[in-house]
file coords-v6.csv (CSV, C-alpha atoms)
chain,number,residue,atom,x,y,z
I,830,MET,CA,-15.0,-8.1,10.6
I,831,THR,CA,-16.6,-8.9,13.9
I,832,ASP,CA,-20.2,-7.7,13.8
I,833,GLU,CA,-20.7,-7.9,10.1
I,834,ARG,CA,-21.1,-10.9,7.8
I,835,ARG,CA,-17.8,-11.7,6.0
I,836,ARG,CA,-18.2,-10.7,2.4
I,837,THR,CA,-18.0,-13.3,-0.3
I,838,VAL,CA,-16.4,-13.2,-3.7
I,839,LEU,CA,-16.1,-15.8,-6.5
I,840,ILE,CA,-13.3,-15.5,-9.1
I,841,PHE,CA,-13.9,-17.0,-12.5
I,842,GLY,CA,-10.6,-18.2,-13.9
I,843,ALA,CA,-8.8,-18.0,-10.6
I,844,ASN,CA,-5.8,-20.0,-11.8
I,845,GLY,CA,-5.0,-17.5,-14.6
I,846,TYR,CA,-2.3,-14.9,-14.5
I,847,ILE,CA,-4.6,-12.0,-13.5
I,848,GLY,CA,-7.3,-14.2,-11.9
I,849,PHE,CA,-4.9,-15.7,-9.4
I,850,ALA,CA,-3.6,-12.2,-8.5
I,851,VAL,CA,-7.2,-11.0,-8.0
I,852,ALA,CA,-8.2,-13.9,-5.9
I,853,SER,CA,-5.1,-13.5,-3.7
I,854,ALA,CA,-5.8,-9.8,-3.3
I,855,PHE,CA,-9.4,-10.4,-2.1
I,856,ALA,CA,-8.2,-13.1,0.3
I,857,ARG,CA,-5.6,-10.7,1.8
I,858,ALA,CA,-8.3,-8.1,2.2
I,859,GLY,CA,-10.3,-10.5,4.4
I,860,TRP,CA,-13.0,-11.6,2.0
I,861,LYS,CA,-14.2,-15.2,1.9
I,862,THR,CA,-12.7,-15.9,-1.5
I,863,PHE,CA,-13.7,-18.8,-3.8
I,864,GLY,CA,-11.7,-19.5,-6.9
I,865,LEU,CA,-13.3,-21.4,-9.9
I,866,VAL,CA,-10.9,-23.5,-11.9
I,867,ARG,CA,-11.3,-26.2,-14.5
I,868,ARG,CA,-8.5,-28.4,-13.2
I,869,ALA,CA,-7.9,-29.9,-9.7
I,870,GLU,CA,-4.2,-29.5,-10.2
I,871,SER,CA,-4.7,-25.8,-9.5
I,872,PHE,CA,-6.1,-26.4,-6.0
I,873,GLU,CA,-2.8,-26.4,-4.1
I,874,ALA,CA,-1.7,-22.9,-5.2
I,875,LEU,CA,-5.2,-21.5,-4.4
I,876,ILE,CA,-5.2,-23.1,-0.9
I,877,LYS,CA,-1.8,-21.7,-0.2
I,878,ALA,CA,-3.2,-18.2,-1.0
I,879,GLU,CA,-6.1,-18.9,1.3
I,880,VAL,CA,-8.6,-19.1,-1.6
I,881,ILE,CA,-11.2,-21.9,-1.5
I,882,PRO,CA,-11.1,-23.8,-4.8
I,883,ILE,CA,-14.2,-24.8,-6.7
I,884,LEU,CA,-14.0,-27.1,-9.7
I,885,GLY,CA,-16.0,-26.2,-12.7
I,886,SER,CA,-16.2,-24.2,-15.9
I,887,PRO,CA,-17.6,-20.6,-15.7
I,888,ASP,CA,-19.6,-21.0,-18.9
I,889,GLN,CA,-21.3,-24.2,-17.6
I,890,ILE,CA,-23.2,-23.4,-14.5
I,891,GLU,CA,-24.2,-27.0,-14.0
I,892,THR,CA,-20.6,-28.0,-13.3
I,893,PHE,CA,-20.2,-25.9,-10.1
I,894,GLU,CA,-23.4,-24.2,-8.9
I,895,SER,CA,-24.4,-26.8,-6.4
I,896,THR,CA,-21.0,-27.1,-4.9
I,897,PHE,CA,-20.5,-23.4,-4.7
I,898,ARG,CA,-24.0,-22.8,-3.1
I,899,GLN,CA,-23.4,-25.4,-0.5
I,900,SER,CA,-20.1,-23.7,0.4
I,901,ILE,CA,-21.4,-20.3,1.2
I,902,ILE,CA,-23.4,-18.9,4.1
I,903,ASN,CA,-27.1,-17.8,3.8
I,904,ASP,CA,-27.0,-17.8,0.0
I,905,SER,CA,-25.2,-14.5,-0.1
I,906,VAL,CA,-22.7,-13.7,-2.8
I,907,ASP,CA,-21.4,-10.1,-2.9
I,908,VAL,CA,-19.0,-10.0,-5.9
I,909,ILE,CA,-18.1,-12.2,-8.9
I,910,VAL,CA,-15.0,-11.3,-10.8
I,911,CYS,CA,-14.8,-12.6,-14.4
I,912,CYS,CA,-11.2,-13.3,-15.4
I,913,SER,CA,-12.0,-16.0,-17.9
I,914,GLU,CA,-12.3,-15.8,-21.7
I,915,ASP,CA,-12.1,-17.9,-24.9
I,916,LEU,CA,-10.7,-15.8,-27.7
I,917,ASN,CA,-11.4,-18.6,-30.2
I,918,ASN,CA,-15.1,-18.6,-29.4
I,919,TYR,CA,-15.7,-15.5,-27.3
I,920,ALA,CA,-19.4,-15.0,-28.0
I,921,LYS,CA,-20.3,-18.6,-27.0
I,922,HIS,CA,-18.2,-18.3,-23.8
I,923,PHE,CA,-19.7,-15.0,-23.0
I,924,GLU,CA,-23.2,-16.4,-23.3
I,925,GLY,CA,-22.4,-19.2,-21.0
I,926,VAL,CA,-20.7,-17.0,-18.4
I,927,THR,CA,-23.6,-14.6,-18.3
I,928,GLN,CA,-26.1,-17.5,-17.9
I,929,SER,CA,-24.0,-18.5,-14.9
I,930,LEU,CA,-24.1,-15.0,-13.5
I,931,ARG,CA,-27.9,-14.8,-14.0
I,932,SER,CA,-28.4,-18.1,-12.3
I,933,ILE,CA,-26.3,-17.2,-9.2
I,934,SER,CA,-28.0,-13.8,-9.0
I,935,SER,CA,-31.4,-15.4,-9.0
I,936,TRP,CA,-30.8,-17.0,-5.6
I,937,SER,CA,-28.2,-14.7,-3.9
I,938,LYS,CA,-29.8,-12.8,-1.1
I,939,THR,CA,-27.5,-9.9,-1.7
I,940,ARG,CA,-27.5,-7.8,-4.9
I,941,LEU,CA,-24.6,-9.2,-7.0
I,942,LEU,CA,-21.8,-7.0,-8.3
I,943,VAL,CA,-20.0,-8.3,-11.3
I,944,LEU,CA,-16.5,-7.1,-12.2
I,945,PHE,CA,-16.0,-8.1,-15.8
I,946,THR,CA,-12.5,-8.1,-17.4
I,947,SER,CA,-11.7,-7.1,-20.9
I,948,GLY,CA,-8.5,-5.3,-21.9
I,949,CYS,CA,-7.0,-1.9,-23.0
I,950,LYS,CA,-6.5,-3.3,-26.5
I,951,ASP,CA,-10.2,-2.7,-27.0
I,952,TYR,CA,-9.2,0.9,-27.7
I,953,GLY,CA,-6.6,-0.1,-30.3
I,954,ARG,CA,-3.0,0.9,-30.7
I,955,THR,CA,-1.5,3.6,-28.5
I,956,LYS,CA,-0.3,6.5,-30.5
I,957,LEU,CA,3.4,7.4,-30.6
I,958,HIS,CA,4.8,10.2,-28.5
I,959,ASN,CA,4.2,13.6,-30.3
I,960,GLU,CA,1.7,12.1,-32.7
I,961,PRO,CA,-1.4,14.3,-33.3
I,962,ASP,CA,-4.4,13.6,-31.1
I,963,LEU,CA,-2.4,11.6,-28.6
I,964,GLU,CA,-4.6,11.4,-25.5
I,965,PRO,CA,-5.3,9.1,-22.6
I,966,LYS,CA,-8.0,6.4,-23.0
I,967,THR,CA,-11.0,6.6,-20.8
I,968,GLU,CA,-14.4,4.9,-20.6
I,969,GLU,CA,-15.6,7.5,-23.1
I,970,SER,CA,-13.0,6.7,-25.7
I,971,SER,CA,-14.2,5.0,-28.9
I,972,LEU,CA,-13.4,1.3,-29.4
I,973,ASN,CA,-10.9,0.5,-32.2
I,974,CYS,CA,-9.6,-3.0,-31.4
I,975,PRO,CA,-7.6,-5.3,-33.7
I,976,THR,CA,-9.6,-7.9,-35.6
I,977,LEU,CA,-8.5,-10.7,-33.2
I,978,LEU,CA,-10.2,-8.9,-30.3
I,979,GLN,CA,-13.4,-7.6,-32.0
I,980,ASN,CA,-15.6,-10.3,-30.5
I,981,ARG,CA,-14.3,-9.6,-27.1
I,982,ALA,CA,-14.8,-5.8,-27.3
I,983,LYS,CA,-18.3,-6.2,-28.9
I,984,ASN,CA,-19.6,-8.7,-26.3
I,985,ALA,CA,-17.9,-7.5,-23.2
I,986,ILE,CA,-19.5,-4.1,-23.3
I,987,ARG,CA,-22.9,-5.8,-23.2
I,988,ILE,CA,-22.3,-6.6,-19.5
I,989,LEU,CA,-23.1,-2.9,-18.8
I,990,THR,CA,-26.5,-2.8,-20.6
I,991,GLU,CA,-28.2,-6.1,-20.9
I,992,PHE,CA,-28.2,-7.5,-17.4
I,993,LYS,CA,-29.3,-4.7,-15.2
I,994,ASP,CA,-32.4,-6.7,-14.1
I,995,SER,CA,-30.1,-9.4,-12.6
I,996,PHE,CA,-26.9,-7.7,-11.3
I,997,ASP,CA,-24.8,-4.6,-11.2
I,998,SER,CA,-21.6,-4.6,-13.3
I,999,ILE,CA,-18.3,-2.8,-13.9
I,1000,LEU,CA,-16.3,-3.4,-17.0
I,1001,LEU,CA,-12.5,-3.3,-16.5
I,1002,ARG,CA,-10.0,-2.8,-19.2
I,1003,PRO,CA,-6.6,-3.2,-17.6
I,1004,THR,CA,-3.4,-2.2,-19.4
I,1005,THR,CA,-0.5,-4.5,-20.1
I,1006,VAL,CA,0.5,-6.3,-16.9
I,1007,TYR,CA,3.9,-7.6,-15.8
I,1008,GLY,CA,5.5,-9.3,-12.8
I,1009,LYS,CA,5.9,-12.6,-11.1
I,1010,GLU,CA,5.6,-15.7,-13.3
I,1011,SER,CA,4.5,-13.9,-16.6
I,1012,SER,CA,4.7,-10.7,-18.5
I,1013,LEU,CA,4.3,-9.4,-22.1
I,1014,TYR,CA,7.7,-7.9,-21.7
I,1015,SER,CA,9.2,-11.3,-20.7
I,1016,VAL,CA,9.6,-12.1,-24.4
I,1017,ALA,CA,12.5,-9.6,-24.6
I,1018,PHE,CA,14.3,-11.1,-21.7
I,1019,ASP,CA,13.8,-14.6,-23.1
I,1020,LEU,CA,15.4,-13.4,-26.4
I,1021,ALA,CA,18.3,-11.9,-24.4
I,1022,GLN,CA,18.8,-15.1,-22.5
I,1023,GLN,CA,18.9,-17.1,-25.8
I,1024,GLN,CA,21.4,-14.6,-27.2
I,1025,GLN,CA,23.6,-15.2,-24.1
I,1026,ASN,CA,23.2,-18.9,-24.2
I,1027,ASN,CA,24.4,-19.0,-27.9
I,1028,ASN,CA,27.6,-17.2,-26.8
I,1029,ASN,CA,26.8,-14.6,-29.3
I,1030,ASN,CA,28.6,-11.3,-28.5
I,1031,LYS,CA,26.5,-9.3,-30.9
I,1032,PRO,CA,24.0,-6.9,-29.2
I,1033,LEU,CA,20.4,-7.9,-29.1
I,1034,ILE,CA,18.4,-5.4,-31.2
I,1035,ILE,CA,14.7,-5.1,-30.6
I,1036,ARG,CA,13.2,-3.0,-33.4
I,1037,SER,CA,10.6,-0.5,-32.3
I,1038,PRO,CA,9.8,3.1,-33.1
I,1039,PRO,CA,11.8,5.4,-30.7
I,1040,ASN,CA,8.7,7.3,-29.8
I,1041,SER,CA,6.8,4.2,-28.7
I,1042,ILE,CA,5.0,4.7,-25.3
I,1043,ALA,CA,5.7,1.7,-23.1
I,1044,HIS,CA,2.9,1.2,-20.5
I,1045,GLY,CA,2.3,-1.4,-18.0
I,1046,CYS,CA,1.0,-2.3,-14.5
I,1047,HIS,CA,2.3,-4.8,-12.1
I,1048,VAL,CA,-0.2,-7.7,-11.8
I,1049,ASP,CA,-0.6,-7.2,-8.1
I,1050,ASP,CA,-1.3,-3.5,-8.5
I,1051,CYS,CA,-3.8,-4.4,-11.2
I,1052,ALA,CA,-5.5,-6.9,-8.8
I,1053,GLU,CA,-5.6,-4.4,-5.9
call {"tool": "encode", "arguments": {"input": "coords-v6.csv", "output": "structure tokens"}}
result
Amino acid sequence: MTDERRRTVLIFGANGYIGFAVASAFARAGWKTFGLVRRAESFEALIKAEVIPILGSPDQIETFESTFRQSIINDSVDVIVCCSEDLNNYAKHFEGVTQSLRSISSWSKTRLLVLFTSGCKDYGRTKLHNEPDLEPKTEESSLNCPTLLQNRAKNAIRILTEFKDSFDSILLRPTTVYGKESSLYSVAFDLAQQQQNNNNNKPLIIRSPPNSIAHGCHVDDCAE
């Protein structure tokens, strides 16, 4: 970018599994990328990925707003990506995060776009192969999440309707992710390693319906 202002993005939860991948992807694409993290121990990894670390909590605007605002040019923030959640108290965390978004949007000279992350489990269990009514999930599919995730699903969708006066928003529900230092499927490999370490020649049996549909996306593809 020579004649245009370099676009600016702030990642909430930039040291998380998905958050770090997202921050790295924006940095690779040439954005001026800031990563908000709660611990200074995460700074080194962000700096190596050419992400500018900011210390603070996304649901407590007073912990980072001043530092962040002083770090950007002309009070212009283009995008904020929310990769932070607290499943133990999701509603309270959501209220704090949206207060932070409103505050930043109030002084940003560019219209803010918020990319807000939830998850595909908001739609509930994937049906088995050949089950009746098996169909892909889209933004028009009804929500049917497990009890543990009900607060997330109920609150996350509010990002599309309640904040139009302050910022534009997109709600993202990525599928299961894998790759690099973490993966939902890594549990199976850990069990296999334990089996081998125990010098047990018995085969490792992972019980699952044979018609289960395994789905996933590499974390870097998810970020891109």
call {"tool": "closest_atom_pairs", "arguments": {"input": "coords-v6.csv", "of": "stretch 989-1021 of chain I", "to": "stretch 941-946 of chain I", "cutoff": "6 Å", "atoms": "only C-alpha atoms", "output": "CSV"}}
result
residue,atom,partner,partner_atom,distance
I:Phe996,CA,I:Leu941,CA,5.1
I:Asp997,CA,I:Leu942,CA,4.8
I:Ser998,CA,I:Val943,CA,4.5
I:Ile999,CA,I:Leu944,CA,5.0
I:Leu1000,CA,I:Phe945,CA,4.9
I:Leu1001,CA,I:Thr946,CA,4.9
call {"tool": "residues_around", "arguments": {"input": "coords-v6.csv", "residues": "I:Asp904", "least_positions_apart": "4", "cutoff": "7 Å", "atoms": "all atoms listed in the file", "output": "PDB file with C-alpha atoms, in the coordinates of the input"}}
result
ATOM      1  CA  ARG I 898     -24.000 -22.800  -3.100  1.00  0.00           C
ATOM      2  CA  TRP I 936     -30.800 -17.000  -5.600  1.00  0.00           C
ATOM      3  CA  SER I 937     -28.200 -14.700  -3.900  1.00  0.00           C
ATOM      4  CA  LYS I 938     -29.800 -12.800  -1.100  1.00  0.00           C
TER       5      LYS I 938
END
call {"tool": "residues_around", "arguments": {"input": "coords-v6.csv", "residues": "stretch 1029-1039 of chain I", "least_positions_apart": "6", "cutoff": "12 Å", "atoms": "all atoms listed in the file", "output": "PyMOL selection string"}}
result
chain I and resi 956-959+1014+1016-1023
call {"tool": "atom_distance", "arguments": {"input": "coords-v6.csv", "atom1": "atom CA of I:Gln979", "atom2": "atom CA of I:Lys1009"}}
result
28.9 Å
call {"tool": "closest_residue", "arguments": {"input": "coords-v6.csv", "among": "I:Ile840, I:Cys911, I:Ala874, I:Val851", "to": "I:Phe897", "atoms": "all atoms listed in the file"}}
result
I:Ile840
call {"tool": "closest_residue", "arguments": {"input": "coords-v6.csv", "among": "I:Thr990, I:Glu968, I:Thr862, I:Phe893", "to": "I:Ile909", "atoms": "all atoms listed in the file"}}
result
I:Thr862
call {"tool": "residues_near_point", "arguments": {"input": "coords-v6.csv", "point": "(-8.6, -0.9, -27.2)", "cutoff": "10 Å", "atoms": "only C-alpha atoms", "output": "ChimeraX atom specification"}}
result
/I:947-955,966,970-975,978-979,982,1002,1004
call {"tool": "atom_distance", "arguments": {"input": "coords-v6.csv", "atom1": "atom CA of I:Asp1050", "atom2": "atom CA of I:Asn980"}}
result
27.1 Å
call {"tool": "closest_residue", "arguments": {"input": "coords-v6.csv", "among": "I:Gln889, I:Ser934, I:Ser853, I:Ser1041", "to": "I:Ser905", "atoms": "only C-alpha atoms"}}
result
I:Ser934
call {"tool": "atom_distance", "arguments": {"input": "coords-v6.csv", "atom1": "atom CA of I:Tyr919", "atom2": "atom CA of I:Ala869"}}
result
24.0 Å
call {"tool": "residues_around", "arguments": {"input": "coords-v6.csv", "residues": "I:Ala852", "least_positions_apart": "4", "cutoff": "7 Å", "atoms": "all atoms listed in the file", "output": "list in words"}}
result
Ile840, Ala843, Gly848, Ala856, Thr862, Gly864 and Val880 of chain I
call {"tool": "residues_near_point", "arguments": {"input": "coords-v6.csv", "point": "(-3.9, -26.4, -7.6)", "cutoff": "12 Å", "atoms": "all atoms listed in the file", "output": "list in words"}}
result
Ala843, Asn844, Gly845, Phe849, Gly864, Leu865, Val866, Arg867, Arg868, Ala869, Glu870, Ser871, Phe872, Glu873, Ala874, Leu875, Ile876, Lys877, Ala878, Glu879, Val880, Ile881, Pro882, Ile883 and Leu884 of chain I
call {"tool": "closest_residue", "arguments": {"input": "coords-v6.csv", "among": "I:Arg931, I:His922, I:Arg835, I:Lys861", "to": "I:Ala985", "atoms": "only C-alpha atoms"}}
result
I:His922
call {"tool": "closest_residue", "arguments": {"input": "coords-v6.csv", "among": "I:Asn1027, I:Gln899, I:Ser995, I:Ser1011", "to": "I:Ser935", "atoms": "only C-alpha atoms"}}
result
I:Ser995
call {"tool": "build_atoms", "arguments": {"input": "coords-v6.csv", "residues": "stretch 946-957 of chain I", "atoms": "all heavy atoms", "output": "CSV table (one decimal), keeping the file's coordinate frame"}}
result
chain,number,residue,atom,x,y,z
I,946,THR,N,-13.8,-8.5,-16.8
I,946,THR,CA,-12.5,-8.1,-17.4
I,946,THR,C,-12.5,-8.2,-18.9
I,946,THR,O,-12.8,-9.3,-19.4
I,946,THR,CB,-11.4,-9.0,-16.8
I,946,THR,OG1,-11.4,-8.9,-15.4
I,946,THR,CG2,-10.0,-8.5,-17.2
I,947,SER,N,-12.0,-7.1,-19.5
I,947,SER,CA,-11.7,-7.1,-20.9
I,947,SER,C,-10.2,-6.7,-21.0
I,947,SER,O,-9.4,-7.3,-20.4
I,947,SER,CB,-12.6,-6.2,-21.7
I,947,SER,OG,-12.4,-6.3,-23.1
I,948,GLY,N,-9.9,-5.7,-21.8
I,948,GLY,CA,-8.5,-5.3,-21.9
I,948,GLY,C,-8.4,-3.9,-22.6
I,948,GLY,O,-9.2,-3.5,-23.4
I,949,CYS,N,-7.2,-3.3,-22.4
I,949,CYS,CA,-7.0,-1.9,-23.0
I,949,CYS,C,-6.9,-2.0,-24.5
I,949,CYS,O,-7.1,-1.0,-25.2
I,949,CYS,CB,-5.8,-1.3,-22.3
I,949,CYS,SG,-4.2,-2.0,-22.8
I,950,LYS,N,-6.6,-3.1,-25.0
I,950,LYS,CA,-6.5,-3.3,-26.5
I,950,LYS,C,-7.8,-3.1,-27.2
I,950,LYS,O,-7.9,-2.9,-28.4
I,950,LYS,CB,-5.8,-4.6,-26.9
I,950,LYS,CG,-4.4,-4.7,-26.5
I,950,LYS,CD,-3.5,-3.6,-27.1
I,950,LYS,CE,-2.1,-3.8,-26.6
I,950,LYS,NZ,-1.2,-2.7,-27.1
I,951,ASP,N,-8.9,-3.1,-26.4
I,951,ASP,CA,-10.2,-2.7,-27.0
I,951,ASP,C,-10.2,-1.3,-27.6
I,951,ASP,O,-11.0,-1.1,-28.5
I,951,ASP,CB,-11.3,-2.8,-25.9
I,951,ASP,CG,-11.6,-4.2,-25.4
I,951,ASP,OD1,-11.0,-5.1,-26.0
I,951,ASP,OD2,-12.4,-4.3,-24.5
I,952,TYR,N,-9.3,-0.5,-27.1
I,952,TYR,CA,-9.2,0.9,-27.7
I,952,TYR,C,-8.3,1.0,-28.9
I,952,TYR,O,-8.1,2.0,-29.5
I,952,TYR,CB,-8.7,1.8,-26.6
I,952,TYR,CG,-9.7,1.9,-25.4
I,952,TYR,CD1,-9.3,1.6,-24.1
I,952,TYR,CD2,-11.0,2.4,-25.6
I,952,TYR,CE1,-10.2,1.7,-23.1
I,952,TYR,CE2,-11.8,2.6,-24.5
I,952,TYR,CZ,-11.4,2.2,-23.3
I,952,TYR,OH,-12.3,2.3,-22.2
I,953,GLY,N,-7.6,-0.1,-29.2
I,953,GLY,CA,-6.6,-0.1,-30.3
I,953,GLY,C,-5.2,0.3,-29.9
I,953,GLY,O,-4.9,0.3,-28.7
I,954,ARG,N,-4.4,0.6,-30.9
I,954,ARG,CA,-3.0,0.9,-30.7
I,954,ARG,C,-2.8,2.3,-30.0
I,954,ARG,O,-3.5,3.3,-30.3
I,954,ARG,CB,-2.3,1.0,-32.1
I,954,ARG,CG,-0.8,1.3,-32.0
I,954,ARG,CD,-0.2,1.4,-33.4
I,954,ARG,NE,-0.7,2.6,-34.1
I,954,ARG,CZ,-0.1,3.9,-33.9
I,954,ARG,NH1,0.9,4.0,-33.1
I,954,ARG,NH2,-0.6,4.9,-34.6
I,955,THR,N,-1.9,2.3,-29.1
I,955,THR,CA,-1.5,3.6,-28.5
I,955,THR,C,-0.7,4.4,-29.5
I,955,THR,O,0.2,3.9,-30.1
I,955,THR,CB,-0.6,3.3,-27.2
I,955,THR,OG1,-1.4,2.5,-26.3
I,955,THR,CG2,-0.3,4.7,-26.6
I,956,LYS,N,-1.1,5.6,-29.6
I,956,LYS,CA,-0.3,6.5,-30.5
I,956,LYS,C,1.1,6.7,-30.0
I,956,LYS,O,1.4,6.5,-28.9
I,956,LYS,CB,-1.0,7.9,-30.7
I,956,LYS,CG,-2.3,7.8,-31.5
I,956,LYS,CD,-3.0,9.1,-31.6
I,956,LYS,CE,-4.2,9.1,-32.4
I,956,LYS,NZ,-4.0,8.7,-33.8
I,957,LEU,N,2.0,7.1,-30.9
I,957,LEU,CA,3.4,7.4,-30.6
I,957,LEU,C,3.5,8.8,-29.9
I,957,LEU,O,2.6,9.6,-30.1
I,957,LEU,CB,4.3,7.4,-31.8
I,957,LEU,CG,4.3,6.1,-32.6
I,957,LEU,CD1,5.2,6.2,-33.9
I,957,LEU,CD2,4.8,4.9,-31.8
